[in-house]
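Worksheet: one structure, shown below.
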Amino acid sequence: MSNPLFSLRGVVKRFHDREVLNLDRLDLEAGVITAVEGPNGAGKTTLLAILALLTPPDKGRLFFDGQEIPRAASQLTAWRRQITLVAQQAYLFDTSVEKNVAYGLRLRGLEQTKRDARVREALEQVGLAGFGARRARRLSGGEMQRVALARALVLRPRALLLDEPFANLDPTSSQVFERVLGDLPNQGCTVVLVSHAREQAHRLAQRVVSLREGRLTPGLDRG
Amino acid sequence: MDFFLGGLTKGLGLLAQLDPEVYGIAWLSLRVSLSAVILAALAAVPLGLLIGQREFPGKRFLVVLFNTLLALPTVVVGLVVYGLLSYHGPLGGLGLLYTPGAMVAAQAVLAFPLITALVIAAVTTLDSRVGPTALTLGATRFQAAWAVLKEARFAVLAALAAGFGRVVTEVGAAIMVGGNIRHYTRTFTTAIALETSKGEFAQGMALGFILLVVALAVNLASHQLQARWK
Ligand SMILES: Nc1ncnc2c1ncn2[C@@H]1O[C@H](COP(=O)(O)OP(=O)(O)O)[C@@H](O)[C@H]1O
Ligand SMILES: [Mg+2]
């Protein structure tokens with residue numbers, strides 16, 4: 001592998017002394033869609049939380065673009081601003097669709113005219129043009145996931161992490177996700193998506209890694 | 001019946017005549033209680049946010065402690081603040097006893113555990129994904145805490161309104177540290193207590209009536225804000 005964006009070395013995560021993740025070595029190549037598959041409880045969501053720098057591992061080292069991620073929580077914001085996560089059934093803030101999508105840009109201090117243009121563009125991308133003024137938490141489940149996708153895309157992250165992106169999606173939203181995600185590698189964005197099912201996620205991915213009880217299963221690795 | 005009707009009629013009369021004494025008392029009450037709520041909230045809101053969001057040993061004890069402090073009789077708080085501010089007390093040098101400042105301090109101490117407990121409850125019942133969502137979108141820890149506060153805004157506002165309700169209606173602490181001095185530290189409740197003990201029901205009823213109107217206005221304003229946000 002030429003150029004990994006994420007590198008994990010000896011990463012261990014425990015909850016209440018139970019080891020839920022133990023990754024000796026995992027490299028995720030830049031500009032590639034990697035799917036992580038595995039049954040419920042395999043540790044997929046935990047892995048994404050570690051990659052999103054939300055949960056510090058108990059042991060091991062994590063590198064992003066060749067640089068080691070520091071341990072101190074206060075230093076993580078700058079790193080997190082290059083990575084974003086679309087959670088399974090993402091939380092939308094109790095405000096308009098527009099304000100949800102603009103949130104991250106606002107934090108980054110982007111001026112309003114540029115912000116508005118990018119928000120509009122992101123909403124068009126996910127097929128929600130004209131939804132800007134709607135109340136986010138009143139939308140349908142699929143529409144809400146698309147708002148969450150737009151809210152992540154608008155940041156133009158270097159890495160986009162998605163937890164079960166195709167679970168419980170209506171066909172329209174599912175197509176939107178497939179189209180948008182499929183195009184991201186062309187824009188240099190690295191995508192990591194996890195799923196317990198094999199179908200859709202795997203069609204999109206250039207590489208599939210398997211997780212079983214917190215460990216990688218090399219035999220099933222494809223790509 | 002005469003007692004109430006007579007009192008109410010005279011009371012409305014005083015209001016209509018813009019009786020300076022009545023309005024002076026109302027204005028002081030509002031100033032003192034609002035200042036107390038703001039002062040208490042400055043500490044209680046961040047503290048409630050912190051306790052509500054974090055898991056740490058002793059958290060349950062702290063929550064129980066704050067809920068217990070809610071039941072503290074106002075005269076006990078008055079007594080403690082009196083002790084602190086009295087001439088020979090540790091804060092006696094400030095010369096605050098029997099001033100509106102002393103009442104603000106006592107009422108802030110009263111409002112503090114109530115607002116803290118209600119903010120803890122608000123944050124605990126809020127969806128736990130709010131903070132992490134903000135972080136993944138690039139928020140600093142402070143900005144993420146702010147996002148949590150914004151999502152819990154209805155409950156936080158209700159906590160502030162409840163704090164105001166507790167302090168504007170209490171009488172024990174205000175009398176003890178304020179002294180009920182005419183034109184200086186006389187509030188709604190201390191005045192009503194005094195007027196009633198003198199048999200001056202009209203003045204008492206007028207003040208009681210304004211107190212009701214004030215409570216109504218506070219609740220209406222908070223509902224109005226909620227309606228706008230919804
Ligand atoms: N916050 C937590 N506290 C305790 N146990 C947890 C926590 N999060 C996850 N786990 C446990 O870790 C294991 C892996 O969970 P998860 O990463 O959510 O798996 P997956 O997403 O693959 O279904 C599960 O056994 C789960 O119960
Ligand atoms: Mg999961």
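Following the order of the structure tokens, chains are lettered A, B, ..., residues in each are numbered from 1, and ligands are numbered from 1.
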Just want the 10 Å neighbourhood of Gly38 of chain A, counted on only C-alpha atoms, with same-chain residues fewer than 6 positions away dropped. Output as a PDB file with C-alpha atoms, in the first residue's frame.
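The resulting file, result.pdb, is reproduced below:
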ATOM      1  CA  LYS A  44     -17.184  -1.617  13.897  1.00  0.00           C
ATOM      2  CA  VAL A 194     -18.923  -0.076   8.090  1.00  0.00           C
ATOM      3  CA  SER A 195     -21.805  -2.462   7.589  1.00  0.00           C
ATOM      4  CA  HIS A 196     -23.029  -5.713   9.008  1.00  0.00           C
ATOM      5  CA  ALA A 197     -24.507  -6.699   5.637  1.00  0.00           C
ATOM      6  CA  ARG A 198     -22.523  -7.420   2.547  1.00  0.00           C
ATOM      7  CA  VAL A 209     -11.862  -5.779   5.574  1.00  0.00           C
ATOM      8  CA  SER A 210     -13.580  -8.128   7.969  1.00  0.00           C
ATOM      9  CA  LEU A 211     -13.867  -7.679  11.681  1.00  0.00           C
ATOM     10  CA  ARG A 212     -14.756 -10.545  14.012  1.00  0.00           C
ATOM     11  CA  GLU A 213     -14.847 -10.044  17.771  1.00  0.00           C
ATOM     12  CA  GLY A 214     -12.629  -7.005  17.530  1.00  0.00           C
ATOM     13  CA  ARG A 215      -9.976  -8.590  15.328  1.00  0.00           C
ATOM     14  CA  LEU A 216      -9.256  -8.417  11.632  1.00  0.00           C
ATOM     15  CA  THR A 217      -9.868 -11.604   9.707  1.00  0.00           C
TER      16      THR A 217
END
Chain A residues near ligand 2 within 10 Å, closest pair each, using only C-alpha atoms and all ligand atoms, as JSON lines:
{"residue": "A:Gly38", "atom": "CA", "partner": "ligand 2", "partner_atom_place_in_ligand_line": "1 (Mg)", "distance": 9.5}
{"residue": "A:Pro39", "atom": "CA", "partner": "ligand 2", "partner_atom_place_in_ligand_line": "1 (Mg)", "distance": 8.9}
{"residue": "A:Asn40", "atom": "CA", "partner": "ligand 2", "partner_atom_place_in_ligand_line": "1 (Mg)", "distance": 6.5}
{"residue": "A:Gly41", "atom": "CA", "partner": "ligand 2", "partner_atom_place_in_ligand_line": "1 (Mg)", "distance": 6.8}
{"residue": "A:Ala42", "atom": "CA", "partner": "ligand 2", "partner_atom_place_in_ligand_line": "1 (Mg)", "distance": 8.1}
{"residue": "A:Gly43", "atom": "CA", "partner": "ligand 2", "partner_atom_place_in_ligand_line": "1 (Mg)", "distance": 7.0}
{"residue": "A:Lys44", "atom": "CA", "partner": "ligand 2", "partner_atom_place_in_ligand_line": "1 (Mg)", "distance": 5.5}
{"residue": "A:Thr45", "atom": "CA", "partner": "ligand 2", "partner_atom_place_in_ligand_line": "1 (Mg)", "distance": 4.2}
{"residue": "A:Thr46", "atom": "CA", "partner": "ligand 2", "partner_atom_place_in_ligand_line": "1 (Mg)", "distance": 7.4}
{"residue": "A:Leu47", "atom": "CA", "partner": "ligand 2", "partner_atom_place_in_ligand_line": "1 (Mg)", "distance": 9.3}
{"residue": "A:Leu48", "atom": "CA", "partner": "ligand 2", "partner_atom_place_in_ligand_line": "1 (Mg)", "distance": 9.0}
{"residue": "A:Ala87", "atom": "CA", "partner": "ligand 2", "partner_atom_place_in_ligand_line": "1 (Mg)", "distance": 9.2}
{"residue": "A:Gln88", "atom": "CA", "partner": "ligand 2", "partner_atom_place_in_ligand_line": "1 (Mg)", "distance": 7.7}
{"residue": "A:Asp163", "atom": "CA", "partner": "ligand 2", "partner_atom_place_in_ligand_line": "1 (Mg)", "distance": 6.7}
{"residue": "A:Glu164", "atom": "CA", "partner": "ligand 2", "partner_atom_place_in_ligand_line": "1 (Mg)", "distance": 7.2}
{"residue": "A:Val194", "atom": "CA", "partner": "ligand 2", "partner_atom_place_in_ligand_line": "1 (Mg)", "distance": 7.9}
{"residue": "A:Ser195", "atom": "CA", "partner": "ligand 2", "partner_atom_place_in_ligand_line": "1 (Mg)", "distance": 7.8}
{"residue": "A:His196", "atom": "CA", "partner": "ligand 2", "partner_atom_place_in_ligand_line": "1 (Mg)", "distance": 8.1}
Practice item. Please report as JSON, numbers by chain which residues of chain B come no farther than 9 Å from chain A, using only C-alpha atoms. Key: {"B": [127, 129, 130, 132, 133, 134, 135, 136, 137, 138, 139, 140, 141, 143, 147, 150, 151, 229, 230]}
Writing out the chosen residues with all heavy atoms as a compact mmCIF listing (two decimals), in the first residue's frame:
# COMPACT_ATOMS: atom_id res chain seq x y z
N ASP B 127 -30.44 13.89 24.35
CA ASP B 127 -29.79 12.87 23.52
C ASP B 127 -28.27 12.95 23.70
O ASP B 127 -27.67 14.01 23.52
CB ASP B 127 -30.17 13.14 22.07
CG ASP B 127 -29.87 11.96 21.18
OD1 ASP B 127 -28.74 11.43 21.25
OD2 ASP B 127 -30.76 11.55 20.42
N ARG B 129 -25.97 12.05 21.92
CA ARG B 129 -25.16 12.18 20.71
C ARG B 129 -24.85 13.63 20.35
O ARG B 129 -24.08 13.88 19.42
CB ARG B 129 -25.90 11.53 19.53
CG ARG B 129 -26.10 10.02 19.72
CD ARG B 129 -27.01 9.47 18.64
NE ARG B 129 -28.32 10.11 18.67
CZ ARG B 129 -29.24 9.96 17.73
NH1 ARG B 129 -29.01 9.21 16.69
NH2 ARG B 129 -30.40 10.58 17.83
N VAL B 130 -25.47 14.59 21.07
CA VAL B 130 -25.29 15.99 20.68
C VAL B 130 -23.82 16.41 20.72
O VAL B 130 -23.29 16.94 19.74
CB VAL B 130 -26.13 16.93 21.57
CG1 VAL B 130 -25.85 18.37 21.22
CG2 VAL B 130 -27.60 16.62 21.42
N PRO B 132 -20.88 14.57 20.82
CA PRO B 132 -20.05 13.93 19.81
C PRO B 132 -20.35 14.43 18.38
O PRO B 132 -19.43 14.59 17.58
CB PRO B 132 -20.42 12.44 19.93
CG PRO B 132 -20.87 12.29 21.34
CD PRO B 132 -21.50 13.59 21.73
N THR B 133 -21.63 14.71 18.09
CA THR B 133 -21.97 15.22 16.75
C THR B 133 -21.26 16.55 16.51
O THR B 133 -20.66 16.76 15.45
CB THR B 133 -23.50 15.41 16.62
OG1 THR B 133 -24.12 14.14 16.80
CG2 THR B 133 -23.87 15.97 15.27
N ALA B 134 -21.31 17.42 17.50
CA ALA B 134 -20.64 18.71 17.35
C ALA B 134 -19.13 18.51 17.16
O ALA B 134 -18.51 19.15 16.31
CB ALA B 134 -20.91 19.59 18.57
N LEU B 135 -18.56 17.59 17.93
CA LEU B 135 -17.11 17.35 17.83
C LEU B 135 -16.72 16.85 16.43
O LEU B 135 -15.73 17.32 15.86
CB LEU B 135 -16.66 16.33 18.87
CG LEU B 135 -16.66 16.80 20.33
CD1 LEU B 135 -16.25 15.64 21.25
CD2 LEU B 135 -15.72 17.99 20.53
N THR B 136 -17.51 15.93 15.88
CA THR B 136 -17.15 15.41 14.55
C THR B 136 -17.32 16.47 13.48
O THR B 136 -16.79 16.33 12.39
CB THR B 136 -18.00 14.19 14.14
OG1 THR B 136 -19.37 14.57 14.16
CG2 THR B 136 -17.78 13.02 15.06
N LEU B 137 -18.07 17.52 13.77
CA LEU B 137 -18.22 18.59 12.79
C LEU B 137 -17.19 19.69 13.02
O LEU B 137 -17.22 20.72 12.36
CB LEU B 137 -19.64 19.15 12.83
CG LEU B 137 -20.69 18.12 12.38
CD1 LEU B 137 -22.09 18.61 12.67
CD2 LEU B 137 -20.53 17.81 10.89
N GLY B 138 -16.29 19.46 13.98
CA GLY B 138 -15.15 20.37 14.14
C GLY B 138 -15.23 21.29 15.34
O GLY B 138 -14.47 22.24 15.44
N ALA B 139 -16.16 21.02 16.27
CA ALA B 139 -16.30 21.89 17.44
C ALA B 139 -15.16 21.64 18.43
O ALA B 139 -14.67 20.52 18.56
CB ALA B 139 -17.63 21.63 18.13
N THR B 140 -14.75 22.71 19.11
CA THR B 140 -13.88 22.54 20.27
C THR B 140 -14.75 22.00 21.40
O THR B 140 -15.98 21.96 21.29
CB THR B 140 -13.28 23.88 20.71
OG1 THR B 140 -14.37 24.74 21.07
CG2 THR B 140 -12.48 24.54 19.60
N ARG B 141 -14.12 21.60 22.51
CA ARG B 141 -14.92 21.07 23.62
C ARG B 141 -15.88 22.13 24.13
O ARG B 141 -17.02 21.84 24.51
CB ARG B 141 -14.01 20.57 24.74
CG ARG B 141 -13.38 19.22 24.40
CD ARG B 141 -12.45 18.76 25.48
NE ARG B 141 -11.33 19.69 25.63
CZ ARG B 141 -10.43 19.61 26.60
NH1 ARG B 141 -10.53 18.67 27.51
NH2 ARG B 141 -9.44 20.48 26.66
N GLN B 143 -17.18 24.63 22.33
CA GLN B 143 -18.26 24.79 21.35
C GLN B 143 -19.24 23.61 21.42
O GLN B 143 -20.45 23.79 21.22
CB GLN B 143 -17.67 24.90 19.94
CG GLN B 143 -16.96 26.22 19.70
CD GLN B 143 -16.11 26.21 18.44
OE1 GLN B 143 -15.55 25.18 18.04
NE2 GLN B 143 -15.98 27.37 17.81
N ALA B 147 -23.23 23.68 22.14
CA ALA B 147 -24.24 23.00 21.32
C ALA B 147 -25.21 22.22 22.22
O ALA B 147 -26.41 22.21 21.98
CB ALA B 147 -23.57 22.06 20.31
N LYS B 150 -27.56 24.60 23.76
CA LYS B 150 -28.55 25.07 22.79
C LYS B 150 -29.64 24.02 22.56
O LYS B 150 -30.81 24.36 22.45
CB LYS B 150 -27.87 25.39 21.46
CG LYS B 150 -27.64 26.88 21.27
CD LYS B 150 -26.82 27.12 20.05
CE LYS B 150 -27.66 27.66 18.89
NZ LYS B 150 -26.79 27.97 17.73
N GLU B 151 -29.24 22.76 22.49
CA GLU B 151 -30.24 21.72 22.27
C GLU B 151 -31.14 21.55 23.48
O GLU B 151 -32.28 21.12 23.37
CB GLU B 151 -29.57 20.39 21.90
CG GLU B 151 -28.86 20.40 20.56
CD GLU B 151 -29.79 20.69 19.39
OE1 GLU B 151 -30.64 19.87 19.06
OE2 GLU B 151 -29.64 21.78 18.80
N TRP B 229 -38.88 29.31 19.00
CA TRP B 229 -37.81 28.34 18.70
C TRP B 229 -38.36 27.07 18.07
O TRP B 229 -37.64 26.33 17.43
CB TRP B 229 -37.07 27.97 19.99
CG TRP B 229 -36.05 28.99 20.40
CD1 TRP B 229 -35.36 29.82 19.56
CD2 TRP B 229 -35.59 29.28 21.71
NE1 TRP B 229 -34.50 30.60 20.28
CE2 TRP B 229 -34.63 30.30 21.61
CE3 TRP B 229 -35.90 28.77 22.97
CZ2 TRP B 229 -33.96 30.81 22.70
CZ3 TRP B 229 -35.23 29.29 24.07
CH2 TRP B 229 -34.29 30.30 23.94
N LYS B 230 -39.62 26.78 18.29
CA LYS B 230 -40.15 25.47 17.87
C LYS B 230 -40.45 25.40 16.38
O LYS B 230 -40.37 26.32 15.65
CB LYS B 230 -41.41 25.13 18.67
CG LYS B 230 -41.02 24.51 19.98
CD LYS B 230 -41.99 23.42 20.42
CE LYS B 230 -41.34 22.54 21.49
NZ LYS B 230 -41.97 22.64 22.77
**Study point:** Two-atom distance - atom CA of Ile51 of chain B, atom CA of Pro113 of chain B (Å)
**Key:** 12.6 Å
Practice item. Would you mind listing what lies within 8 Å of Leu169 of chain A as a ChimeraX atom specification, with only C-alpha atoms counted and same-chain residues fewer than 5 positions away left out? Key: /A:141-142,174
Study note, to complete from the structure: note - atom CA of Pro73 of chain B and atom CA of Phe112 of chain B are separated by 13.8 Å
Practice item. Within 12 Å of Ala117 of chain A, counting only C-alpha atoms, which residues show up once you throw out same-chain ones fewer than 5 positions away? Write them as a list of chain:residue names, please. Key: A:Glu98, A:Val101, A:Ala102, A:Leu105, A:Leu110, A:Glu111, A:Gln112, A:Ala122, A:Leu123, A:Glu124, A:Ala129, A:Gly132, A:Val154
Check your understanding: Hey, can you check how far atom CA of Leu194 of chain B sits from atom CA of Ile25 of chain B?
Key ->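 Interatomic distance, atom CA of Leu194 of chain B to atom CA of Ile25 of chain B: 12.7 Å.
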Exercise for review: Pull the helix (DSSP H, G or I) assignments for segment 23-187 of chain A out of DSSP run on the backbone, and list those residues as a ChimeraX atom specification.
Suggested key: /A:44-51,73-75,77-80,97-107,112-125,136-138,141-153,171-187
For C-alpha atoms, I'd like the residues from the last selection saved as a PDB file, in the first residue's frame.
ATOM      1  CA  LYS A  44     -17.184  -1.617  13.897  1.00  0.00           C
ATOM      2  CA  THR A  45     -18.760   1.409  15.569  1.00  0.00           C
ATOM      3  CA  THR A  46     -15.948   1.457  18.110  1.00  0.00           C
ATOM      4  CA  LEU A  47     -13.396   1.473  15.288  1.00  0.00           C
ATOM      5  CA  LEU A  48     -15.133   4.460  13.665  1.00  0.00           C
ATOM      6  CA  ALA A  49     -15.211   6.316  16.985  1.00  0.00           C
ATOM      7  CA  ILE A  50     -11.452   5.825  17.253  1.00  0.00           C
ATOM      8  CA  LEU A  51     -10.866   6.965  13.666  1.00  0.00           C
ATOM      9  CA  ALA A  73      -7.907  15.956  24.119  1.00  0.00           C
ATOM     10  CA  SER A  74      -7.290  19.686  23.861  1.00  0.00           C
ATOM     11  CA  GLN A  75      -5.097  19.211  20.777  1.00  0.00           C
ATOM     12  CA  THR A  77      -9.783  19.777  17.272  1.00  0.00           C
ATOM     13  CA  ALA A  78      -7.387  20.643  14.450  1.00  0.00           C
ATOM     14  CA  TRP A  79      -7.152  16.949  13.530  1.00  0.00           C
ATOM     15  CA  ARG A  80     -10.857  16.367  13.819  1.00  0.00           C
ATOM     16  CA  VAL A  97     -31.800  22.021   7.649  1.00  0.00           C
ATOM     17  CA  GLU A  98     -29.726  24.974   6.488  1.00  0.00           C
ATOM     18  CA  LYS A  99     -28.325  25.711   9.943  1.00  0.00           C
ATOM     19  CA  ASN A 100     -27.489  22.044  10.446  1.00  0.00           C
ATOM     20  CA  VAL A 101     -25.496  21.951   7.229  1.00  0.00           C
ATOM     21  CA  ALA A 102     -23.858  25.317   7.920  1.00  0.00           C
ATOM     22  CA  TYR A 103     -22.814  24.358  11.478  1.00  0.00           C
ATOM     23  CA  GLY A 104     -19.306  23.064  10.733  1.00  0.00           C
ATOM     24  CA  LEU A 105     -18.535  25.912   8.326  1.00  0.00           C
ATOM     25  CA  ARG A 106     -19.604  28.412  10.948  1.00  0.00           C
ATOM     26  CA  LEU A 107     -17.199  26.810  13.433  1.00  0.00           C
ATOM     27  CA  GLN A 112     -21.714  34.008   5.198  1.00  0.00           C
ATOM     28  CA  THR A 113     -21.856  34.391   1.412  1.00  0.00           C
ATOM     29  CA  LYS A 114     -19.395  31.547   0.882  1.00  0.00           C
ATOM     30  CA  ARG A 115     -21.145  29.506   3.532  1.00  0.00           C
ATOM     31  CA  ASP A 116     -24.559  29.933   1.914  1.00  0.00           C
ATOM     32  CA  ALA A 117     -23.199  28.924  -1.478  1.00  0.00           C
ATOM     33  CA  ARG A 118     -21.571  25.792  -0.114  1.00  0.00           C
ATOM     34  CA  VAL A 119     -24.634  24.823   1.904  1.00  0.00           C
ATOM     35  CA  ARG A 120     -26.801  25.179  -1.196  1.00  0.00           C
ATOM     36  CA  GLU A 121     -24.375  23.099  -3.239  1.00  0.00           C
ATOM     37  CA  ALA A 122     -24.255  20.333  -0.596  1.00  0.00           C
ATOM     38  CA  LEU A 123     -28.043  20.194  -0.345  1.00  0.00           C
ATOM     39  CA  GLU A 124     -28.293  19.907  -4.128  1.00  0.00           C
ATOM     40  CA  GLN A 125     -25.768  17.087  -4.055  1.00  0.00           C
ATOM     41  CA  ALA A 136     -34.449  19.199  10.356  1.00  0.00           C
ATOM     42  CA  ARG A 137     -35.926  16.939  13.013  1.00  0.00           C
ATOM     43  CA  ARG A 138     -39.305  16.815  11.275  1.00  0.00           C
ATOM     44  CA  GLY A 141     -35.571   9.109   8.315  1.00  0.00           C
ATOM     45  CA  GLY A 142     -33.961   8.945   4.869  1.00  0.00           C
ATOM     46  CA  GLU A 143     -34.096  12.711   4.437  1.00  0.00           C
ATOM     47  CA  MET A 144     -32.476  13.182   7.825  1.00  0.00           C
ATOM     48  CA  GLN A 145     -29.618  10.868   6.873  1.00  0.00           C
ATOM     49  CA  ARG A 146     -29.174  12.868   3.673  1.00  0.00           C
ATOM     50  CA  VAL A 147     -29.012  16.096   5.693  1.00  0.00           C
ATOM     51  CA  ALA A 148     -26.352  14.442   7.843  1.00  0.00           C
ATOM     52  CA  LEU A 149     -24.450  13.485   4.688  1.00  0.00           C
ATOM     53  CA  ALA A 150     -24.705  17.038   3.342  1.00  0.00           C
ATOM     54  CA  ARG A 151     -23.565  18.409   6.712  1.00  0.00           C
ATOM     55  CA  ALA A 152     -20.434  16.242   6.405  1.00  0.00           C
ATOM     56  CA  LEU A 153     -19.789  16.782   2.672  1.00  0.00           C
ATOM     57  CA  PRO A 171     -34.601   3.564  -2.103  1.00  0.00           C
ATOM     58  CA  THR A 172     -34.196   7.223  -3.128  1.00  0.00           C
ATOM     59  CA  SER A 173     -31.907   8.040  -0.217  1.00  0.00           C
ATOM     60  CA  SER A 174     -30.008   4.826  -0.814  1.00  0.00           C
ATOM     61  CA  GLN A 175     -29.329   5.840  -4.414  1.00  0.00           C
ATOM     62  CA  VAL A 176     -28.206   9.284  -3.298  1.00  0.00           C
ATOM     63  CA  PHE A 177     -25.710   7.768  -0.862  1.00  0.00           C
ATOM     64  CA  GLU A 178     -24.401   5.369  -3.486  1.00  0.00           C
ATOM     65  CA  ARG A 179     -23.950   8.099  -6.095  1.00  0.00           C
ATOM     66  CA  VAL A 180     -22.349  10.610  -3.729  1.00  0.00           C
ATOM     67  CA  LEU A 181     -20.009   8.133  -2.021  1.00  0.00           C
ATOM     68  CA  GLY A 182     -18.965   6.577  -5.310  1.00  0.00           C
ATOM     69  CA  ASP A 183     -17.748   9.949  -6.513  1.00  0.00           C
ATOM     70  CA  LEU A 184     -15.754  10.899  -3.425  1.00  0.00           C
ATOM     71  CA  PRO A 185     -12.484   9.088  -4.288  1.00  0.00           C
ATOM     72  CA  ASN A 186     -12.294  11.195  -7.472  1.00  0.00           C
ATOM     73  CA  GLN A 187     -12.183  14.233  -5.212  1.00  0.00           C
TER      74      GLN A 187
END
Point to revise | Proximity to Leu39 of chain B - best of B:Thr196, B:Asn180, B:Ser128, B:Gln107, only C-alpha atoms | key: B:Gln107
**Study point:** Test item: residues at most 9 Å from Val109 of chain B, only C-alpha atoms, excluding those fewer than 2 positions along its chain, as JSON, numbers by chain
**Key:** {"B": [36, 40, 77, 81, 104, 105, 106, 107, 111, 112, 113]}
Selection export as a short mmCIF file (atom, residue, chain, number, x, y, z; two decimals), in the first residue's frame, atoms kept: C-alpha atoms:
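Dumped everything to selection36.cif:
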data_model
loop_
_atom_site.label_atom_id
_atom_site.label_comp_id
_atom_site.auth_asym_id
_atom_site.auth_seq_id
_atom_site.Cartn_x
_atom_site.Cartn_y
_atom_site.Cartn_z
CA ALA B 36 -29.62 36.85 41.84
CA ALA B 40 -26.51 31.98 40.23
CA VAL B 77 -29.88 30.15 53.79
CA VAL B 81 -25.51 34.40 54.55
CA VAL B 104 -28.87 39.38 45.84
CA ALA B 105 -26.20 37.21 47.50
CA ALA B 106 -28.70 35.30 49.65
CA GLN B 107 -31.12 34.75 46.76
CA ALA B 111 -31.29 29.72 43.33
CA PHE B 112 -27.94 28.04 42.74
CA PRO B 113 -28.77 24.44 43.75
#
